[in-house]
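Peer 1: Sharing structure36.pdb, PDB, C-alpha atoms:
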ATOM      1  CA  MET A   1     140.140 167.807  31.954  1.00  0.00           C
ATOM      2  CA  GLY A   2     140.478 167.568  35.717  1.00  0.00           C
ATOM      3  CA  LYS A   3     138.574 164.252  35.931  1.00  0.00           C
ATOM      4  CA  LYS A   4     140.627 162.689  33.136  1.00  0.00           C
ATOM      5  CA  LEU A   5     143.866 163.712  34.816  1.00  0.00           C
ATOM      6  CA  PHE A   6     142.591 162.398  38.161  1.00  0.00           C
ATOM      7  CA  TYR A   7     141.677 159.003  36.644  1.00  0.00           C
ATOM      8  CA  PHE A   8     144.998 158.857  34.792  1.00  0.00           C
ATOM      9  CA  PHE A   9     146.945 159.318  38.035  1.00  0.00           C
ATOM     10  CA  LEU A  10     144.643 156.933  39.885  1.00  0.00           C
ATOM     11  CA  GLY A  11     145.314 154.281  37.217  1.00  0.00           C
ATOM     12  CA  LEU A  12     149.046 154.979  37.329  1.00  0.00           C
ATOM     13  CA  ILE A  13     149.090 154.612  41.118  1.00  0.00           C
ATOM     14  CA  PHE A  14     147.175 151.325  40.824  1.00  0.00           C
ATOM     15  CA  ILE A  15     149.635 149.933  38.278  1.00  0.00           C
ATOM     16  CA  LEU A  16     152.694 151.018  40.270  1.00  0.00           C
ATOM     17  CA  THR A  17     151.210 149.529  43.451  1.00  0.00           C
ATOM     18  CA  LEU A  18     150.439 146.272  41.664  1.00  0.00           C
ATOM     19  CA  PHE A  19     153.947 145.878  40.270  1.00  0.00           C
ATOM     20  CA  SER A  20     155.850 147.153  43.306  1.00  0.00           C
ATOM     21  CA  GLY A  21     154.777 144.110  45.338  1.00  0.00           C
ATOM     22  CA  LEU A  22     156.054 141.610  42.815  1.00  0.00           C
ATOM     23  CA  GLU A  23     159.553 140.254  43.267  1.00  0.00           C
ATOM     24  CA  LYS A  24     161.281 139.965  39.954  1.00  0.00           C
ATOM     25  CA  ALA A  25     163.358 136.900  39.263  1.00  0.00           C
ATOM     26  CA  LYS A  26     166.765 137.833  37.880  1.00  0.00           C
ATOM     27  CA  ALA A  27     168.965 136.060  35.365  1.00  0.00           C
ATOM     28  CA  ALA A  28     171.474 133.619  36.813  1.00  0.00           C
ATOM     29  CA  GLU A  29     175.193 133.721  36.199  1.00  0.00           C
ATOM     30  CA  ALA A  30     177.824 131.041  36.711  1.00  0.00           C
ATOM     31  CA  GLY A  31     177.990 130.083  40.377  1.00  0.00           C
ATOM     32  CA  ASP A  32     174.588 131.514  41.340  1.00  0.00           C
ATOM     33  CA  ILE A  33     173.126 128.003  41.441  1.00  0.00           C
ATOM     34  CA  ILE A  34     175.312 125.039  42.360  1.00  0.00           C
ATOM     35  CA  ILE A  35     174.987 121.292  42.023  1.00  0.00           C
ATOM     36  CA  ASN A  36     174.904 120.343  45.693  1.00  0.00           C
ATOM     37  CA  GLU A  37     174.009 116.636  45.836  1.00  0.00           C
ATOM     38  CA  ILE A  38     173.835 113.778  43.308  1.00  0.00           C
ATOM     39  CA  MET A  39     171.970 110.459  43.433  1.00  0.00           C
ATOM     40  CA  TYR A  40     173.670 108.695  40.535  1.00  0.00           C
ATOM     41  CA  ASP A  41     173.597 105.025  41.588  1.00  0.00           C
ATOM     42  CA  ALA A  42     170.568 104.184  43.690  1.00  0.00           C
ATOM     43  CA  ASP A  43     170.292 100.959  45.666  1.00  0.00           C
ATOM     44  CA  GLY A  44     168.760  98.524  43.160  1.00  0.00           C
ATOM     45  CA  THR A  45     167.653  99.852  39.806  1.00  0.00           C
ATOM     46  CA  ASP A  46     168.590 103.395  38.806  1.00  0.00           C
ATOM     47  CA  ASP A  47     165.612 103.765  36.457  1.00  0.00           C
ATOM     48  CA  ASP A  48     163.582 106.810  37.552  1.00  0.00           C
ATOM     49  CA  HIS A  49     165.512 107.057  40.863  1.00  0.00           C
ATOM     50  CA  GLU A  50     168.308 109.430  39.803  1.00  0.00           C
ATOM     51  CA  TRP A  51     168.215 113.057  40.894  1.00  0.00           C
ATOM     52  CA  VAL A  52     170.344 116.141  41.469  1.00  0.00           C
ATOM     53  CA  GLU A  53     169.877 118.696  44.240  1.00  0.00           C
ATOM     54  CA  LEU A  54     170.593 122.317  43.351  1.00  0.00           C
ATOM     55  CA  LEU A  55     171.044 125.343  45.605  1.00  0.00           C
ATOM     56  CA  ASN A  56     170.509 129.022  44.807  1.00  0.00           C
ATOM     57  CA  LEU A  57     173.548 130.757  46.360  1.00  0.00           C
ATOM     58  CA  SER A  58     172.700 134.188  44.969  1.00  0.00           C
ATOM     59  CA  ASP A  59     171.090 137.007  46.940  1.00  0.00           C
ATOM     60  CA  PHE A  60     168.023 137.067  44.683  1.00  0.00           C
ATOM     61  CA  ALA A  61     165.286 134.893  43.224  1.00  0.00           C
ATOM     62  CA  ILE A  62     166.227 133.224  39.946  1.00  0.00           C
ATOM     63  CA  GLY A  63     163.744 132.474  37.198  1.00  0.00           C
ATOM     64  CA  ILE A  64     164.153 129.167  35.388  1.00  0.00           C
ATOM     65  CA  THR A  65     162.336 128.489  32.142  1.00  0.00           C
ATOM     66  CA  GLY A  66     161.685 125.200  30.386  1.00  0.00           C
ATOM     67  CA  GLY A  67     161.077 124.135  26.822  1.00  0.00           C
ATOM     68  CA  SER A  68     163.481 124.032  23.923  1.00  0.00           C
ATOM     69  CA  ALA A  69     164.649 127.634  24.514  1.00  0.00           C
ATOM     70  CA  GLY A  70     164.861 127.244  28.294  1.00  0.00           C
ATOM     71  CA  TRP A  71     167.330 125.863  30.812  1.00  0.00           C
ATOM     72  CA  LYS A  72     169.010 122.493  30.225  1.00  0.00           C
ATOM     73  CA  PHE A  73     170.458 119.683  32.291  1.00  0.00           C
ATOM     74  CA  ASN A  74     173.443 118.087  30.550  1.00  0.00           C
ATOM     75  CA  ASP A  75     174.692 114.584  31.329  1.00  0.00           C
ATOM     76  CA  GLY A  76     176.307 114.110  27.927  1.00  0.00           C
ATOM     77  CA  SER A  77     173.095 115.242  26.190  1.00  0.00           C
ATOM     78  CA  ASN A  78     171.182 118.449  26.737  1.00  0.00           C
ATOM     79  CA  HIS A  79     167.845 117.595  28.369  1.00  0.00           C
ATOM     80  CA  THR A  80     165.078 120.167  28.621  1.00  0.00           C
ATOM     81  CA  LEU A  81     163.453 120.816  31.979  1.00  0.00           C
ATOM     82  CA  ASP A  82     159.794 119.854  32.216  1.00  0.00           C
ATOM     83  CA  ILE A  83     158.470 123.349  32.841  1.00  0.00           C
ATOM     84  CA  PRO A  84     155.593 124.386  30.570  1.00  0.00           C
ATOM     85  CA  THR A  85     156.693 126.853  27.897  1.00  0.00           C
ATOM     86  CA  GLY A  86     155.991 130.393  28.980  1.00  0.00           C
ATOM     87  CA  GLN A  87     155.979 129.562  32.701  1.00  0.00           C
ATOM     88  CA  LEU A  88     158.689 130.739  35.056  1.00  0.00           C
ATOM     89  CA  PHE A  89     159.924 128.472  37.851  1.00  0.00           C
ATOM     90  CA  SER A  90     161.196 130.806  40.562  1.00  0.00           C
ATOM     91  CA  VAL A  91     163.906 129.711  43.010  1.00  0.00           C
ATOM     92  CA  GLU A  92     164.364 131.948  46.030  1.00  0.00           C
ATOM     93  CA  SER A  93     167.756 132.901  47.449  1.00  0.00           C
ATOM     94  CA  GLY A  94     169.068 130.079  49.651  1.00  0.00           C
ATOM     95  CA  GLU A  95     166.473 127.620  48.337  1.00  0.00           C
ATOM     96  CA  TYR A  96     167.296 124.011  47.496  1.00  0.00           C
ATOM     97  CA  PHE A  97     165.404 122.284  44.698  1.00  0.00           C
ATOM     98  CA  ILE A  98     165.550 118.985  42.869  1.00  0.00           C
ATOM     99  CA  LEU A  99     165.986 117.939  39.257  1.00  0.00           C
ATOM    100  CA  ALA A 100     164.471 114.453  39.175  1.00  0.00           C
ATOM    101  CA  ASP A 101     164.496 111.770  36.533  1.00  0.00           C
ATOM    102  CA  ASP A 102     160.911 111.076  37.644  1.00  0.00           C
ATOM    103  CA  LYS A 103     159.106 113.400  40.079  1.00  0.00           C
ATOM    104  CA  GLU A 104     156.560 110.816  41.229  1.00  0.00           C
ATOM    105  CA  THR A 105     159.249 108.198  41.936  1.00  0.00           C
ATOM    106  CA  PHE A 106     161.304 110.804  43.823  1.00  0.00           C
ATOM    107  CA  LEU A 107     158.309 111.620  46.036  1.00  0.00           C
ATOM    108  CA  LEU A 108     157.723 107.905  46.691  1.00  0.00           C
ATOM    109  CA  ASP A 109     161.401 107.517  47.679  1.00  0.00           C
ATOM    110  CA  TYR A 110     161.416 110.717  49.803  1.00  0.00           C
ATOM    111  CA  PRO A 111     157.804 111.251  50.973  1.00  0.00           C
ATOM    112  CA  SER A 112     158.757 113.908  53.549  1.00  0.00           C
ATOM    113  CA  PHE A 113     160.458 116.151  50.956  1.00  0.00           C
ATOM    114  CA  GLN A 114     158.783 119.579  50.970  1.00  0.00           C
ATOM    115  CA  GLY A 115     160.767 121.513  48.340  1.00  0.00           C
ATOM    116  CA  GLN A 116     160.336 122.191  44.666  1.00  0.00           C
ATOM    117  CA  ILE A 117     160.972 119.494  42.058  1.00  0.00           C
ATOM    118  CA  ILE A 118     161.530 119.822  38.305  1.00  0.00           C
ATOM    119  CA  ASP A 119     161.203 116.772  36.085  1.00  0.00           C
ATOM    120  CA  THR A 120     163.884 116.186  33.479  1.00  0.00           C
ATOM    121  CA  THR A 121     165.463 113.269  31.703  1.00  0.00           C
ATOM    122  CA  MET A 122     168.765 112.081  33.107  1.00  0.00           C
ATOM    123  CA  GLU A 123     170.980 109.088  32.500  1.00  0.00           C
ATOM    124  CA  LEU A 124     173.802 109.366  35.011  1.00  0.00           C
ATOM    125  CA  THR A 125     176.571 106.821  34.648  1.00  0.00           C
ATOM    126  CA  ASN A 126     177.609 104.764  37.649  1.00  0.00           C
ATOM    127  CA  THR A 127     181.365 105.139  37.133  1.00  0.00           C
ATOM    128  CA  ILE A 128     182.333 108.691  36.073  1.00  0.00           C
ATOM    129  CA  ASP A 129     180.288 111.484  34.587  1.00  0.00           C
ATOM    130  CA  THR A 130     180.190 115.224  33.961  1.00  0.00           C
ATOM    131  CA  ILE A 131     176.920 116.984  34.645  1.00  0.00           C
ATOM    132  CA  SER A 132     176.054 120.624  34.033  1.00  0.00           C
ATOM    133  CA  LEU A 133     173.240 123.095  34.517  1.00  0.00           C
ATOM    134  CA  ILE A 134     172.899 125.470  31.565  1.00  0.00           C
ATOM    135  CA  ASN A 135     170.727 128.589  31.503  1.00  0.00           C
ATOM    136  CA  ASN A 136     168.508 129.806  28.677  1.00  0.00           C
ATOM    137  CA  THR A 137     171.378 131.803  27.112  1.00  0.00           C
ATOM    138  CA  SER A 138     173.533 128.625  26.931  1.00  0.00           C
ATOM    139  CA  GLN A 139     175.794 129.776  29.780  1.00  0.00           C
ATOM    140  CA  ILE A 140     177.016 126.990  32.057  1.00  0.00           C
ATOM    141  CA  ILE A 141     175.827 127.835  35.573  1.00  0.00           C
ATOM    142  CA  ASP A 142     177.582 124.906  37.290  1.00  0.00           C
ATOM    143  CA  THR A 143     179.415 121.714  36.345  1.00  0.00           C
ATOM    144  CA  VAL A 144     180.462 118.727  38.419  1.00  0.00           C
ATOM    145  CA  ILE A 145     182.641 115.809  37.387  1.00  0.00           C
ATOM    146  CA  TYR A 146     182.048 112.873  39.727  1.00  0.00           C
ATOM    147  CA  GLN A 147     183.403 109.350  39.963  1.00  0.00           C
ATOM    148  CA  SER A 148     182.261 106.215  41.774  1.00  0.00           C
ATOM    149  CA  SER A 149     185.512 105.991  43.768  1.00  0.00           C
ATOM    150  CA  TRP A 150     184.144 108.928  45.799  1.00  0.00           C
ATOM    151  CA  GLY A 151     181.402 106.675  47.172  1.00  0.00           C
ATOM    152  CA  ALA A 152     177.622 106.450  46.966  1.00  0.00           C
ATOM    153  CA  ASN A 153     177.931 103.687  44.394  1.00  0.00           C
ATOM    154  CA  GLY A 154     174.866 101.468  44.719  1.00  0.00           C
ATOM    155  CA  ASN A 155     174.514 101.771  48.494  1.00  0.00           C
ATOM    156  CA  GLY A 156     171.532 104.147  48.540  1.00  0.00           C
ATOM    157  CA  ARG A 157     173.653 107.157  49.489  1.00  0.00           C
ATOM    158  CA  THR A 158     174.413 110.317  47.555  1.00  0.00           C
ATOM    159  CA  LEU A 159     177.424 112.416  46.716  1.00  0.00           C
ATOM    160  CA  GLU A 160     177.236 115.698  48.602  1.00  0.00           C
ATOM    161  CA  LYS A 161     179.210 118.874  47.982  1.00  0.00           C
ATOM    162  CA  ASN A 162     181.842 119.442  50.646  1.00  0.00           C
ATOM    163  CA  ASN A 163     182.230 123.134  51.380  1.00  0.00           C
ATOM    164  CA  SER A 164     185.357 122.751  53.497  1.00  0.00           C
TER     165      SER A 164
END
Would you mind writing the file out in structure tokens?
Peer 2:
Amino acid sequence: MGKKLFYFFLGLIFILTLFSGLEKAKAAEAGDIIINEIMYDADGTDDDHEWVELLNLSDFAIGITGGSAGWKFNDGSNHTLDIPTGQLFSVESGEYFILADDKETFLLDYPSFQGQIIDTTMELTNTIDTISLINNTSQIIDTVIYQSSWGANGNGRTLEKNNS
């Protein structure tokens, strides 16, 4: 009996040690992640060159899932994020990341970019649009309505969130 109890506690200690080192990603609520920057009208063709920068403002890592039951990017249609089903894309507190119409094109346009990128479909209009990030429980995490009169219309620049 003593050996069995010893091995039980040894196994329990191993499991607790294994899981104590893992940071758990928490569920996001509205405002935890914001739409920070938008490339809606690239210089030249927009095909595959549109992207949105997001920022995790929360104090914790946030897990983002893909697939039909995962997070969505809405630009008038709900687009799934290209994250394999069952995988968790973790975004650390204070981390910026990109939703790109085409990841490879984004990296060609911005070869020094070092952050995380998620592929998704997007068709941003060049005049006025509403875009939203929606979590896996269909809660809107952030929404931005932009218009071309704000700038960044075909000149290779982006719209950036102004925190003032």
Peer 1: I'd like a table as a Markdown table: residues in segment 95-121 of chain A with an atom no more than 9 Å from segment 64-81 of chain A, each row giving the shortest atom pair and its distance in Å to one decimal, all atoms listed in the file counted, sorted by chain and rising residue number.
Peer 2:
| residue | atom | partner | partner_atom | distance |
| --- | --- | --- | --- | --- |
| A:Leu99 | CA | A:Leu81 | CA | 8.2 |
| A:Ile118 | CA | A:Leu81 | CA | 6.7 |
| A:Asp119 | CA | A:Leu81 | CA | 6.2 |
| A:Thr120 | CA | A:Leu81 | CA | 4.9 |
| A:Thr121 | CA | A:His79 | CA | 6.0 |
Peer 1: Determine, counting only C-alpha atoms, every residue of protein, DNA or RNA that lies within 10 Å of (175.6, 100.4, 49.8) in the file coordinates, then give the result as a PDB file with C-alpha atoms, keeping the file's coordinate frame.
Peer 2:
ATOM      1  CA  ASP A  41     173.597 105.025  41.588  1.00  0.00           C
ATOM      2  CA  ALA A  42     170.568 104.184  43.690  1.00  0.00           C
ATOM      3  CA  ASP A  43     170.292 100.959  45.666  1.00  0.00           C
ATOM      4  CA  GLY A  44     168.760  98.524  43.160  1.00  0.00           C
ATOM      5  CA  GLY A 151     181.402 106.675  47.172  1.00  0.00           C
ATOM      6  CA  ALA A 152     177.622 106.450  46.966  1.00  0.00           C
ATOM      7  CA  ASN A 153     177.931 103.687  44.394  1.00  0.00           C
ATOM      8  CA  GLY A 154     174.866 101.468  44.719  1.00  0.00           C
ATOM      9  CA  ASN A 155     174.514 101.771  48.494  1.00  0.00           C
ATOM     10  CA  GLY A 156     171.532 104.147  48.540  1.00  0.00           C
ATOM     11  CA  ARG A 157     173.653 107.157  49.489  1.00  0.00           C
TER      12      ARG A 157
END
Peer 1: Please indicate the distance in Å from atom CA of Leu159 of chain A to atom CA of Ile83 of chain A, rounded to one decimal place.
Peer 2: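 It comes out at 25.9 Å.
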Peer 1: Just the number, please: distance in Å from atom CA of Glu95 of chain A to atom CA of Phe60 of chain A, one decimal.
Peer 2: 10.2 Å
Peer 1: Could you list, as a ChimeraX atom specification, every residue within 10 Å of Tyr96 of chain A, counting only C-alpha atoms and ignoring same-chain residues fewer than 6 positions away?
Peer 2: /A:33-36,53-57,115-117
Peer 1: Select all residues near (185.5, 108.4, 40.6) (cut-off 10 Å, inclusive, file coordinates), counting all atoms listed in the file, and output them as a list of chain:residue names.
Peer 2: A:Asn126, A:Thr127, A:Ile128, A:Asp129, A:Ile145, A:Tyr146, A:Gln147, A:Ser148, A:Ser149, A:Trp150, A:Gly151, A:Asn153
